[in-house]
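K.L.:
File name structure39.tsv; file contents TSV, C-alpha atoms and all ligand atoms; full text below.
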```
chain	number	residue	atom	x	y	z
A	1	MET	CA	16.95	50.86	49.12
A	2	SER	CA	14.79	53.74	48.02
A	3	ASN	CA	11.92	53.58	45.57
A	4	TYR	CA	13.90	55.11	42.74
A	5	GLY	CA	14.02	53.57	39.29
A	6	ALA	CA	17.27	53.58	37.30
A	7	ILE	CA	16.19	54.21	33.72
A	8	ILE	CA	18.16	54.20	30.50
A	9	ALA	CA	17.78	57.85	29.53
A	10	GLY	CA	19.95	57.68	26.41
A	11	THR	CA	22.17	55.34	24.42
A	12	GLY	CA	25.17	55.94	22.18
A	13	SER	CA	27.88	54.08	20.35
A	14	TYR	CA	31.03	54.57	18.35
A	15	LEU	CA	32.49	52.24	15.74
A	16	PRO	CA	35.80	52.94	14.04
A	17	GLU	CA	35.61	53.48	10.28
A	18	ARG	CA	38.05	50.81	9.11
A	19	ARG	CA	36.44	47.51	8.12
A	20	LEU	CA	38.36	44.25	8.34
A	21	THR	CA	36.54	41.80	6.07
A	22	ASN	CA	36.69	38.02	5.97
A	23	ALA	CA	38.50	38.33	2.64
A	24	ASP	CA	41.15	40.50	4.37
A	25	LEU	CA	41.61	37.81	7.05
A	26	ALA	CA	41.90	35.07	4.43
A	27	LYS	CA	45.07	36.86	3.29
A	28	LEU	CA	46.53	36.59	6.81
A	29	VAL	CA	45.53	33.06	7.92
A	30	ASP	CA	44.23	29.82	6.40
A	31	THR	CA	40.50	30.59	6.41
A	32	SER	CA	37.72	31.66	4.06
A	33	ASP	CA	34.74	34.00	3.92
A	34	ASP	CA	32.46	30.98	3.61
A	35	TRP	CA	33.89	29.21	6.71
A	36	ILE	CA	33.71	32.33	8.88
A	37	ILE	CA	30.13	33.17	7.87
A	38	ARG	CA	28.93	29.59	8.34
A	39	ARG	CA	30.64	29.08	11.73
A	40	THR	CA	30.19	32.55	13.24
A	41	GLY	CA	27.85	34.75	11.15
A	42	ILE	CA	30.57	37.43	11.00
A	43	LYS	CA	31.19	39.23	7.71
A	44	GLU	CA	33.38	42.07	8.89
A	45	ARG	CA	34.54	43.86	12.02
A	46	ARG	CA	35.75	47.39	12.75
A	47	ILE	CA	39.37	48.18	13.65
A	48	VAL	CA	40.68	51.34	15.33
A	49	ALA	CA	42.81	53.88	13.51
A	50	GLU	CA	46.31	54.47	14.91
A	51	ASN	CA	45.18	57.49	16.93
A	52	GLU	CA	42.11	55.74	18.39
A	53	SER	CA	41.90	53.65	21.55
A	54	THR	CA	39.46	52.40	24.15
A	55	ALA	CA	39.11	55.80	25.82
A	56	THR	CA	38.65	57.78	22.60
A	57	MET	CA	35.88	55.40	21.50
A	58	GLY	CA	34.36	55.31	24.99
A	59	THR	CA	34.32	59.11	25.13
A	60	ALA	CA	32.62	59.35	21.72
A	61	ALA	CA	29.98	56.77	22.73
A	62	ALA	CA	29.41	58.60	26.03
A	63	ARG	CA	28.91	61.91	24.21
A	64	HIS	CA	26.30	60.32	21.94
A	65	ALA	CA	24.48	58.80	24.92
A	66	LEU	CA	24.48	62.16	26.72
A	67	GLU	CA	23.10	63.91	23.63
A	68	ALA	CA	20.36	61.28	23.37
A	69	ALA	CA	19.48	61.88	27.02
A	70	GLY	CA	19.46	65.66	26.54
A	71	LEU	CA	22.30	66.07	29.05
A	72	THR	CA	25.74	67.65	29.07
A	73	PRO	CA	28.91	66.15	30.60
A	74	GLN	CA	28.45	68.49	33.58
A	75	ASP	CA	25.30	66.53	34.50
A	76	VAL	CA	27.30	63.30	34.98
A	77	ASP	CA	27.80	62.15	38.59
A	78	LEU	CA	29.82	58.97	37.91
A	79	ILE	CA	31.53	57.21	35.01
A	80	VAL	CA	31.78	53.41	34.97
A	81	CYS	CA	33.61	51.77	32.09
A	82	ALA	CA	33.61	48.04	31.39
A	83	THR	CA	36.66	46.92	29.46
A	84	ILE	CA	39.35	44.24	29.22
A	85	THR	CA	41.42	46.34	26.85
A	86	PRO	CA	41.98	49.41	29.02
A	87	GLU	CA	43.65	52.57	27.82
A	88	MET	CA	46.64	51.72	30.03
A	89	GLN	CA	47.28	49.33	32.91
A	90	PHE	CA	46.48	52.38	35.02
A	91	PRO	CA	44.90	54.91	35.38
A	92	SER	CA	41.49	53.52	34.56
A	93	THR	CA	39.93	54.05	31.15
A	94	ALA	CA	36.99	55.76	32.89
A	95	CYS	CA	39.41	58.47	34.13
A	96	PHE	CA	40.53	59.12	30.55
A	97	VAL	CA	36.88	59.27	29.46
A	98	GLY	CA	36.16	61.82	32.21
A	99	ALA	CA	39.03	63.97	31.00
A	100	GLY	CA	37.84	63.48	27.42
A	101	LEU	CA	34.42	64.80	28.44
A	102	GLY	CA	36.05	67.87	30.02
A	103	LEU	CA	35.36	66.74	33.60
A	104	ASP	CA	37.90	67.13	36.40
A	105	THR	CA	36.23	66.00	39.62
A	106	THR	CA	33.66	63.38	38.56
A	107	PRO	CA	34.40	59.94	40.02
A	108	ALA	CA	35.33	57.29	37.48
A	109	PHE	CA	36.37	53.65	37.58
A	110	ASP	CA	36.59	50.54	35.41
A	111	VAL	CA	34.90	47.18	35.74
A	112	SER	CA	36.66	44.09	34.43
A	113	ALA	CA	34.34	41.19	33.65
A	114	ALA	CA	35.16	40.59	29.98
A	115	CYS	CA	32.12	39.95	27.79
A	116	SER	CA	29.83	40.19	30.85
A	117	GLY	CA	31.41	43.55	31.74
A	118	PHE	CA	28.63	45.81	30.54
A	119	ILE	CA	26.01	44.03	32.66
A	120	TYR	CA	28.35	44.09	35.68
A	121	ALA	CA	28.85	47.83	35.16
A	122	LEU	CA	25.14	48.43	34.62
A	123	GLU	CA	24.22	46.61	37.82
A	124	THR	CA	26.91	48.54	39.74
A	125	ALA	CA	25.51	51.82	38.44
A	126	ASN	CA	21.96	50.63	39.09
A	127	ASN	CA	22.74	50.23	42.77
A	128	PHE	CA	24.32	53.68	42.98
A	129	VAL	CA	21.22	55.21	41.38
A	130	LYS	CA	18.63	53.22	43.31
A	131	SER	CA	20.33	53.99	46.60
A	132	GLY	CA	19.85	57.68	45.85
A	133	ARG	CA	23.63	58.26	45.79
A	134	TYR	CA	23.89	59.48	42.18
A	135	ARG	CA	21.44	60.89	39.65
A	136	ASN	CA	23.14	60.42	36.24
A	137	ILE	CA	25.72	57.73	35.56
A	138	ILE	CA	27.47	57.03	32.29
A	139	VAL	CA	27.90	53.28	31.82
A	140	ILE	CA	30.29	52.38	29.02
A	141	GLY	CA	31.46	49.17	27.36
A	142	ALA	CA	34.53	49.85	25.23
A	143	GLU	CA	37.11	47.53	23.69
A	144	THR	CA	40.11	47.67	21.39
A	145	LEU	CA	40.39	43.91	21.00
A	146	SER	CA	42.41	44.23	17.79
A	147	ARG	CA	45.38	45.26	19.98
A	148	ILE	CA	45.36	41.94	21.88
A	149	THR	CA	44.38	39.72	18.95
A	150	ASP	CA	46.90	37.35	17.41
A	151	TYR	CA	46.45	37.73	13.65
A	152	THR	CA	48.35	34.46	13.11
A	153	ASP	CA	45.76	32.44	15.11
A	154	ARG	CA	42.86	31.62	12.81
A	155	GLN	CA	40.65	30.38	15.61
A	156	SER	CA	40.54	33.73	17.42
A	157	CYS	CA	41.43	36.47	14.93
A	158	ILE	CA	38.26	35.98	12.91
A	159	LEU	CA	36.06	36.70	15.91
A	160	PHE	CA	36.96	40.04	17.41
A	161	GLY	CA	36.47	43.72	16.61
A	162	ASP	CA	36.71	47.17	18.19
A	163	GLY	CA	34.01	49.59	19.31
A	164	ALA	CA	32.21	51.24	22.21
A	165	GLY	CA	28.69	51.67	23.46
A	166	ALA	CA	27.26	53.67	26.35
A	167	VAL	CA	24.07	54.39	28.23
A	168	VAL	CA	23.06	57.12	30.64
A	169	LEU	CA	21.48	55.51	33.68
A	170	GLN	CA	19.26	58.07	35.34
A	171	ARG	CA	17.34	58.30	38.58
A	172	SER	CA	13.58	58.25	38.10
A	173	THR	CA	10.71	58.49	40.54
A	174	ASP	CA	9.02	55.73	38.50
A	175	ALA	CA	10.39	52.55	40.07
A	176	SER	CA	8.48	50.37	37.59
A	177	ARG	CA	10.90	51.39	34.84
A	178	GLY	CA	14.64	50.86	34.43
A	179	VAL	CA	16.73	47.94	35.61
A	180	LEU	CA	14.18	45.56	37.15
A	181	TYR	CA	16.52	42.65	37.83
A	182	ALA	CA	20.10	41.57	37.27
A	183	SER	CA	22.20	38.61	38.32
A	184	LEU	CA	25.99	38.39	38.15
A	185	HIS	CA	28.09	35.21	38.34
A	186	ALA	CA	31.74	34.15	38.14
A	187	ASP	CA	33.86	31.02	38.30
A	188	GLY	CA	37.57	31.83	38.26
A	189	ASN	CA	38.44	28.15	37.94
A	190	GLY	CA	37.65	28.49	34.26
A	191	TRP	CA	40.18	31.30	33.63
A	192	GLU	CA	42.25	29.29	31.17
A	193	MET	CA	39.41	28.93	28.69
A	194	LEU	CA	39.69	32.59	27.69
A	195	HIS	CA	42.48	34.85	28.84
A	196	CYS	CA	45.24	37.31	28.05
A	197	ALA	CA	48.24	36.42	30.23
A	198	THR	CA	50.07	39.74	30.65
A	199	GLY	CA	49.95	41.11	34.20
A	200	SER	CA	51.55	40.58	37.60
A	201	ARG	CA	51.75	36.82	37.06
A	202	ASN	CA	53.29	37.26	33.64
A	203	PRO	CA	55.09	40.58	33.25
A	204	VAL	CA	55.90	41.48	29.67
A	205	ASN	CA	59.31	40.07	28.82
A	206	ALA	CA	61.08	38.49	25.89
A	207	ASP	CA	59.82	34.99	26.76
A	208	LEU	CA	56.21	36.14	26.90
A	209	ILE	CA	56.53	37.89	23.55
A	210	ALA	CA	58.32	34.90	21.98
A	211	THR	CA	55.40	32.64	22.95
A	212	ARG	CA	52.83	35.24	21.78
A	213	ARG	CA	51.18	35.36	25.19
A	214	GLN	CA	50.70	39.12	24.95
A	215	TYR	CA	47.68	38.13	22.85
A	216	MET	CA	44.45	36.56	24.05
A	217	GLN	CA	44.15	32.79	24.03
A	218	ILE	CA	40.83	31.03	23.59
A	219	LYS	CA	39.58	27.47	23.72
A	220	GLY	CA	36.80	28.13	21.26
A	221	ARG	CA	34.95	24.81	21.45
A	222	GLU	CA	34.80	24.85	25.26
A	223	VAL	CA	33.63	28.46	25.31
A	224	TYR	CA	31.02	27.54	22.70
A	225	LYS	CA	29.45	24.87	24.94
A	226	PHE	CA	29.65	27.08	28.03
A	227	ALA	CA	27.96	29.96	26.21
A	228	VAL	CA	25.06	27.94	24.78
A	229	GLN	CA	24.30	26.46	28.20
A	230	ARG	CA	24.58	29.74	30.12
A	231	PHE	CA	22.58	31.68	27.53
A	232	ALA	CA	19.55	29.43	28.01
A	233	GLU	CA	19.92	29.33	31.83
A	234	LEU	CA	20.21	33.11	32.08
A	235	ILE	CA	17.09	33.72	29.99
A	236	GLU	CA	15.10	31.20	32.02
A	237	ASP	CA	16.34	32.71	35.29
A	238	ALA	CA	15.42	36.25	34.21
A	239	LEU	CA	11.91	35.22	33.13
A	240	HIS	CA	11.34	33.20	36.28
A	241	LYS	CA	12.64	35.84	38.74
A	242	CYS	CA	10.61	38.63	37.11
A	243	GLN	CA	7.57	36.42	36.54
A	244	LEU	CA	7.55	37.22	32.86
A	245	SER	CA	6.60	35.10	29.88
A	246	THR	CA	8.57	35.27	26.66
A	247	LYS	CA	5.65	37.25	25.18
A	248	ASP	CA	6.32	40.04	27.70
A	249	VAL	CA	9.85	40.48	26.40
A	250	LYS	CA	10.17	42.77	23.39
A	251	LEU	CA	13.79	42.02	22.60
A	252	ILE	CA	16.70	39.96	23.84
A	253	VAL	CA	19.99	41.81	23.39
A	254	PRO	CA	22.65	39.14	23.86
A	255	HIS	CA	26.39	39.47	23.94
A	256	GLN	CA	27.34	39.13	20.28
A	257	VAL	CA	29.40	35.98	20.70
A	258	ASN	CA	28.65	33.90	17.61
A	259	GLN	CA	25.50	33.72	15.46
A	260	ARG	CA	25.40	29.92	15.88
A	261	ILE	CA	25.62	30.14	19.67
A	262	ILE	CA	22.75	32.66	19.71
A	263	ASP	CA	20.64	30.63	17.25
A	264	SER	CA	21.21	27.39	19.08
A	265	ALA	CA	20.34	28.89	22.48
A	266	MET	CA	17.19	30.49	21.04
A	267	GLU	CA	16.19	27.17	19.51
A	268	ARG	CA	16.81	25.38	22.81
A	269	LEU	CA	14.47	27.91	24.48
A	270	GLY	CA	11.84	27.51	21.75
A	271	LEU	CA	12.12	31.20	20.84
A	272	ALA	CA	11.93	32.77	17.37
A	273	PRO	CA	15.42	33.76	16.19
A	274	ASP	CA	14.33	37.36	15.52
A	275	LYS	CA	13.53	37.86	19.22
A	276	ALA	CA	17.28	38.27	19.65
A	277	PHE	CA	18.93	41.37	18.24
A	278	VAL	CA	22.03	40.41	16.31
A	279	ASN	CA	24.54	42.67	14.56
A	280	ILE	CA	27.57	40.38	14.80
A	281	ASP	CA	27.74	40.24	10.99
A	282	LYS	CA	28.95	43.87	10.96
A	283	TYR	CA	31.07	44.16	14.09
A	284	GLY	CA	32.14	40.69	15.23
A	285	ASN	CA	32.55	40.11	18.96
A	286	THR	CA	33.41	43.37	20.75
A	287	SER	CA	33.31	41.87	24.28
A	288	ALA	CA	32.01	44.40	26.85
A	289	ALA	CA	31.03	46.78	24.07
A	290	SER	CA	28.75	44.38	22.23
A	291	ILE	CA	25.55	44.77	24.29
A	292	PRO	CA	25.55	48.59	24.48
A	293	ILE	CA	26.40	48.85	20.76
A	294	ALA	CA	23.56	46.46	19.92
A	295	LEU	CA	21.16	48.25	22.28
A	296	ASP	CA	21.97	51.61	20.72
A	297	GLU	CA	21.41	50.21	17.24
A	298	ALA	CA	18.13	48.52	18.23
A	299	TRP	CA	16.95	51.69	19.97
A	300	ARG	CA	17.76	53.99	17.04
A	301	ALA	CA	16.14	51.51	14.62
A	302	GLY	CA	12.91	51.73	16.63
A	303	LYS	CA	13.05	48.07	17.70
A	304	VAL	CA	12.50	49.10	21.31
A	305	SER	CA	10.47	51.98	22.65
A	306	PRO	CA	9.69	53.35	26.12
A	307	GLY	CA	7.84	50.80	28.23
A	308	ASP	CA	9.25	47.74	26.42
A	309	ILE	CA	10.99	45.00	28.35
A	310	VAL	CA	14.48	44.18	27.12
A	311	LEU	CA	16.61	41.32	28.34
A	312	PHE	CA	20.43	41.32	28.32
A	313	VAL	CA	22.51	38.14	28.57
A	314	ALA	CA	26.27	37.77	28.51
A	315	PHE	CA	29.01	35.22	29.23
A	316	GLY	CA	32.73	35.33	28.82
A	317	ALA	CA	36.17	35.24	30.35
A	318	GLY	CA	36.48	34.75	34.08
A	319	LEU	CA	34.49	32.77	33.58
A	320	THR	CA	31.69	35.28	34.09
A	321	TRP	CA	28.04	35.33	33.12
A	322	ALA	CA	25.20	37.75	33.81
A	323	ASN	CA	21.70	38.84	32.88
A	324	ALA	CA	19.58	41.94	33.29
A	325	VAL	CA	15.94	42.79	32.71
A	326	VAL	CA	15.23	46.41	31.83
A	327	ARG	CA	11.96	48.20	31.17
A	328	VAL	CA	13.21	50.95	28.85
A	401	LIG	O1	32.79	36.01	23.87
A	401	LIG	C1	33.55	34.92	24.29
A	401	LIG	C2	34.71	34.72	23.33
A	401	LIG	N1	34.31	33.90	22.25
A	401	LIG	C3	34.82	32.68	22.05
A	401	LIG	O2	35.64	32.22	22.82
A	401	LIG	C4	34.35	31.92	20.85
A	401	LIG	C5	33.42	30.79	21.15
A	401	LIG	N2	33.63	29.75	20.15
A	401	LIG	C6	33.30	29.87	18.85
A	401	LIG	O3	32.73	30.87	18.42
A	401	LIG	C7	33.61	28.71	17.95
A	401	LIG	O4	34.00	27.60	18.72
A	401	LIG	C8	34.73	29.04	16.89
A	401	LIG	C9	34.18	30.00	15.84
A	401	LIG	C10	35.95	29.63	17.56
A	401	LIG	C11	35.14	27.78	16.16
A	401	LIG	O5	34.03	27.18	15.53
A	401	LIG	P1	33.71	25.62	15.75
A	401	LIG	O6	32.54	25.31	14.93
A	401	LIG	O7	33.63	25.39	17.23
A	401	LIG	O8	34.99	24.94	15.12
A	401	LIG	P2	36.04	23.97	15.81
A	401	LIG	O9	36.89	24.71	16.78
A	401	LIG	O10	35.34	22.72	16.26
A	401	LIG	O11	36.96	23.59	14.56
A	401	LIG	C12	36.45	22.88	13.43
A	401	LIG	C13	37.54	22.85	12.37
A	401	LIG	C14	38.91	22.46	12.90
A	401	LIG	O12	39.57	21.70	11.90
A	401	LIG	P3	39.63	20.10	12.02
A	401	LIG	O13	40.33	19.82	13.32
A	401	LIG	O14	38.20	19.64	12.00
A	401	LIG	O15	40.40	19.70	10.79
A	401	LIG	C15	39.62	23.80	13.04
A	401	LIG	O16	41.02	23.69	12.92
A	401	LIG	O17	37.68	24.16	11.81
A	401	LIG	C16	39.06	24.55	11.85
A	401	LIG	N3	39.13	25.99	12.00
A	401	LIG	C17	39.08	26.83	10.95
A	401	LIG	N4	38.97	26.60	9.62
A	401	LIG	C18	38.91	27.69	8.82
A	401	LIG	C19	39.23	26.72	13.16
A	401	LIG	N5	39.25	28.03	12.86
A	401	LIG	C20	39.16	28.12	11.51
A	401	LIG	C21	39.12	29.21	10.61
A	401	LIG	N6	38.98	28.95	9.29
A	401	LIG	N7	39.17	30.50	11.02
```
Take the structure in this file and express it as structure tokens.
P.N.:
Amino acid sequence: MSNYGAIIAGTGSYLPERRLTNADLAKLVDTSDDWIIRRTGIKERRIVAENESTATMGTAAARHALEAAGLTPQDVDLIVCATITPEMQFPSTACFVGAGLGLDTTPAFDVSAACSGFIYALETANNFVKSGRYRNIIVIGAETLSRITDYTDRQSCILFGDGAGAVVLQRSTDASRGVLYASLHADGNGWEMLHCATGSRNPVNADLIATRRQYMQIKGREVYKFAVQRFAELIEDALHKCQLSTKDVKLIVPHQVNQRIIDSAMERLGLAPDKAFVNIDKYGNTSAASIPIALDEAWRAGKVSPGDIVLFVAFGAGLTWANAVVRV
């Protein structure tokens, strides 16, 4: 490894205009605004228009991140897109984003690690930058979860929304800034807890459609317990490995899974709730997109500035879980 730093040179996001409120959902399933707010903290989520998709949102977020970094698409050396709702089964969503940015030779690929996807993609890009291989990488988290959500299942349909976030990861000669540490984990034995069955094991056919398995299935309570436990472990691991105290960390940007999960993990760690940036009330859970959307919002709101240490934590289908420590 070289002595390069991989810094976040710009952030961007894109959220579709249409809002799906709790009151809207109460017309579709047996639920209420009060129940959803109390159990999840979510008030509304964004849903794509007919002509929007993961790649159109990812491209828009990437453009905003490039503008923030003062770069043009021609400066991009690699595109990495984290998603579990790709544009198509193939080619990769990242290829569509490249085309959307007007690029025709830039390498591009997707990373599939569900809600941990953005951190997986960031760490992948980090290694490409630190090795000296690439100078500017667009790292995207983009999801159109509304297209795999079963709006007859009250347990899951209240949770998810659409959106995209992106960062430009850039080579720097200052190795004290950028991604300082990341750890990635997976346990495929837990696949059943959170999954969408369509694929080579379950090709789309009449039986699959009749049993609604084209939509994601979740075991909410089990995921809840897994997430609270992993959240706390990942924060402790990040602090320990980087020899940081909680005072050194300006902001925790967690995967926006559920306000109660975040609050309960923060309480378990003895941390003030406002040390975690939360915008789940507006967007719900957007899986791989949630951290980069939250980071972009926090950044633009002035909640983090150059030199601050920011901690990312995520957990989700796979099962996967991951953390990253970044000096922005
Ligand atoms: O990013 C990873 C993906 N995220 C997840 O997988 C979500 C993680 N889990 C959660 O966020 C929470 O477990 C949920 C929000 C899904 C559920 O909240 P909970 O506090 O764990 O509720 P519960 O599943 O223990 O259910 C409590 C009750 C049940 O009724 P009974 O059996 O007590 O009569 C549910 O049927 O709430 C009922 N319920 C609802 N009631 C109104 C479940 N969903 C709803 C709903 N509206 N939407």
K.L.:
Around all listed atoms of ligand LIG 401 (chain A), padded 6 Å per side, what centre and edge lengths does the axis-aligned box have in Å to one decimal, as lines of an AutoDock Vina configuration file?
P.N.:
```
center_x = 36.8
center_y = 27.8
center_z = 16.6
size_x = 20.5
size_y = 28.4
size_z = 27.5
```
K.L.:
CA of Asn51 in chain A to CA of Glu17 in chain A: how many Å, to one decimal?
P.N.:
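Separation between CA of Asn51 in chain A and CA of Glu17 in chain A: 12.3 Å.
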K.L.:
Which of these residues is nearest to ligand LIG 401 (chain A), using all atoms listed in the file: A:Ala314, A:Ala68, A:Met57, A:Val326?
P.N.:
A:Ala314
K.L.:
Could you list the protein, DNA and RNA residues that have any atom within 9 Å of ligand LIG 401 (chain A), counting only C-alpha atoms and all ligand atoms, and write them as a PyMOL selection string?
P.N.:
chain A and resi 25-26+29-36+38-40+114-116+153-160+193-194+217-227+255-261+285-288+314-317
K.L.:
Looking at A:Pro16, A:Gly318, A:Pro91, A:Pro273, which one is nearest to Ile47 in chain A, with distances taken over all atoms listed in the file?
P.N.:
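Residue with the minimum atom-to-atom distance to Ile47 in chain A: A:Pro16.
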K.L.:
Could you check the closest approach to Leu234 in chain A for each of A:Val168, A:Val97, A:Val325, A:Ala61 and tell me which residue wins, using all atoms listed in the file?
P.N.:
A:Val325
K.L.:
For the atom pair CA of Val278 in chain A and CA of Arg45 in chain A, what is the interatomic distance in Å to one decimal place?
P.N.:
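For CA of Val278 in chain A relative to CA of Arg45 in chain A, the distance reads 13.7 Å.
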K.L.:
List every protein, DNA or RNA residue with an atom no more than 8 Å from (9.8, 49.7, 28.2) in the file's coordinates, counting only C-alpha atoms, and format the result as a count of residues only.
P.N.:
12
K.L.:
Quick one: pull the distance between CA of Ile8 in chain A and CA of Ala289 in chain A, Å, one decimal.
P.N.:
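Going from CA of Ile8 in chain A over to CA of Ala289 in chain A covers 16.2 Å.
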K.L.:
Taking into account only C-alpha atoms, which residue in the set A:Gly98, A:Gly117, A:Gly12, A:Pro107 is nearest to Ala69 in chain A?
P.N.:
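Ranked by minimum distance to Ala69 in chain A, first place goes to A:Gly12.
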K.L.:
Find the residues near Thr124 in chain A: any atom within 12 Å, counting all atoms listed in the file, skip ones fewer than 3 places away on the same chain, and give them as a ChimeraX atom specification.
P.N.:
/A:6,78-82,109-112,117-121,127-131,133-134,137-140,169,179,182-184,324
K.L.:
For Thr85 in chain A, find every residue with an atom within 10 Å (counting all atoms listed in the file), except residues of its own chain fewer than 2 positions away, and show them as a list in words.
P.N.:
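Near Thr85 in chain A, the qualifying residues are Ser53, Thr54, Ala55, Ala82, Thr83, Glu87, Met88, Gln89, Thr93, Ser112, Ala114, Ala142, Glu143, Thr144, Leu145, Ser146, Arg147, Ile148, Asp162, Cys196, Ser287 and Ala288 of chain A.
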K.L.:
For the residues selected in the previous step, produce a file with C-alpha atoms as a PDB file, keeping the file's coordinate frame.
P.N.:
```pdb
ATOM      1  CA  SER A  53      41.900  53.650  21.550  1.00  0.00           C
ATOM      2  CA  THR A  54      39.460  52.400  24.150  1.00  0.00           C
ATOM      3  CA  ALA A  55      39.110  55.800  25.820  1.00  0.00           C
ATOM      4  CA  ALA A  82      33.610  48.040  31.390  1.00  0.00           C
ATOM      5  CA  THR A  83      36.660  46.920  29.460  1.00  0.00           C
ATOM      6  CA  GLU A  87      43.650  52.570  27.820  1.00  0.00           C
ATOM      7  CA  MET A  88      46.640  51.720  30.030  1.00  0.00           C
ATOM      8  CA  GLN A  89      47.280  49.330  32.910  1.00  0.00           C
ATOM      9  CA  THR A  93      39.930  54.050  31.150  1.00  0.00           C
ATOM     10  CA  SER A 112      36.660  44.090  34.430  1.00  0.00           C
ATOM     11  CA  ALA A 114      35.160  40.590  29.980  1.00  0.00           C
ATOM     12  CA  ALA A 142      34.530  49.850  25.230  1.00  0.00           C
ATOM     13  CA  GLU A 143      37.110  47.530  23.690  1.00  0.00           C
ATOM     14  CA  THR A 144      40.110  47.670  21.390  1.00  0.00           C
ATOM     15  CA  LEU A 145      40.390  43.910  21.000  1.00  0.00           C
ATOM     16  CA  SER A 146      42.410  44.230  17.790  1.00  0.00           C
ATOM     17  CA  ARG A 147      45.380  45.260  19.980  1.00  0.00           C
ATOM     18  CA  ILE A 148      45.360  41.940  21.880  1.00  0.00           C
ATOM     19  CA  ASP A 162      36.710  47.170  18.190  1.00  0.00           C
ATOM     20  CA  CYS A 196      45.240  37.310  28.050  1.00  0.00           C
ATOM     21  CA  SER A 287      33.310  41.870  24.280  1.00  0.00           C
ATOM     22  CA  ALA A 288      32.010  44.400  26.850  1.00  0.00           C
TER      23      ALA A 288
END
```
K.L.:
Taking (35.8, 64.4, 27.3) as a centre in this file's frame and 9 Å as the limit, can you find every polymer residue with an atom that close, using all atoms listed in the file, and give them as a PyMOL selection string?
P.N.:
chain A and resi 56+59-60+62-63+73+96-103
K.L.:
At a cut-off of 10 Å, using all atoms listed in the file, what residues contact Leu239 in chain A? Leave out same-chain residues fewer than 4 positions from it and give the result as a PyMOL selection string.
P.N.:
chain A and resi 181+234-235+243-246+248-249+311+325
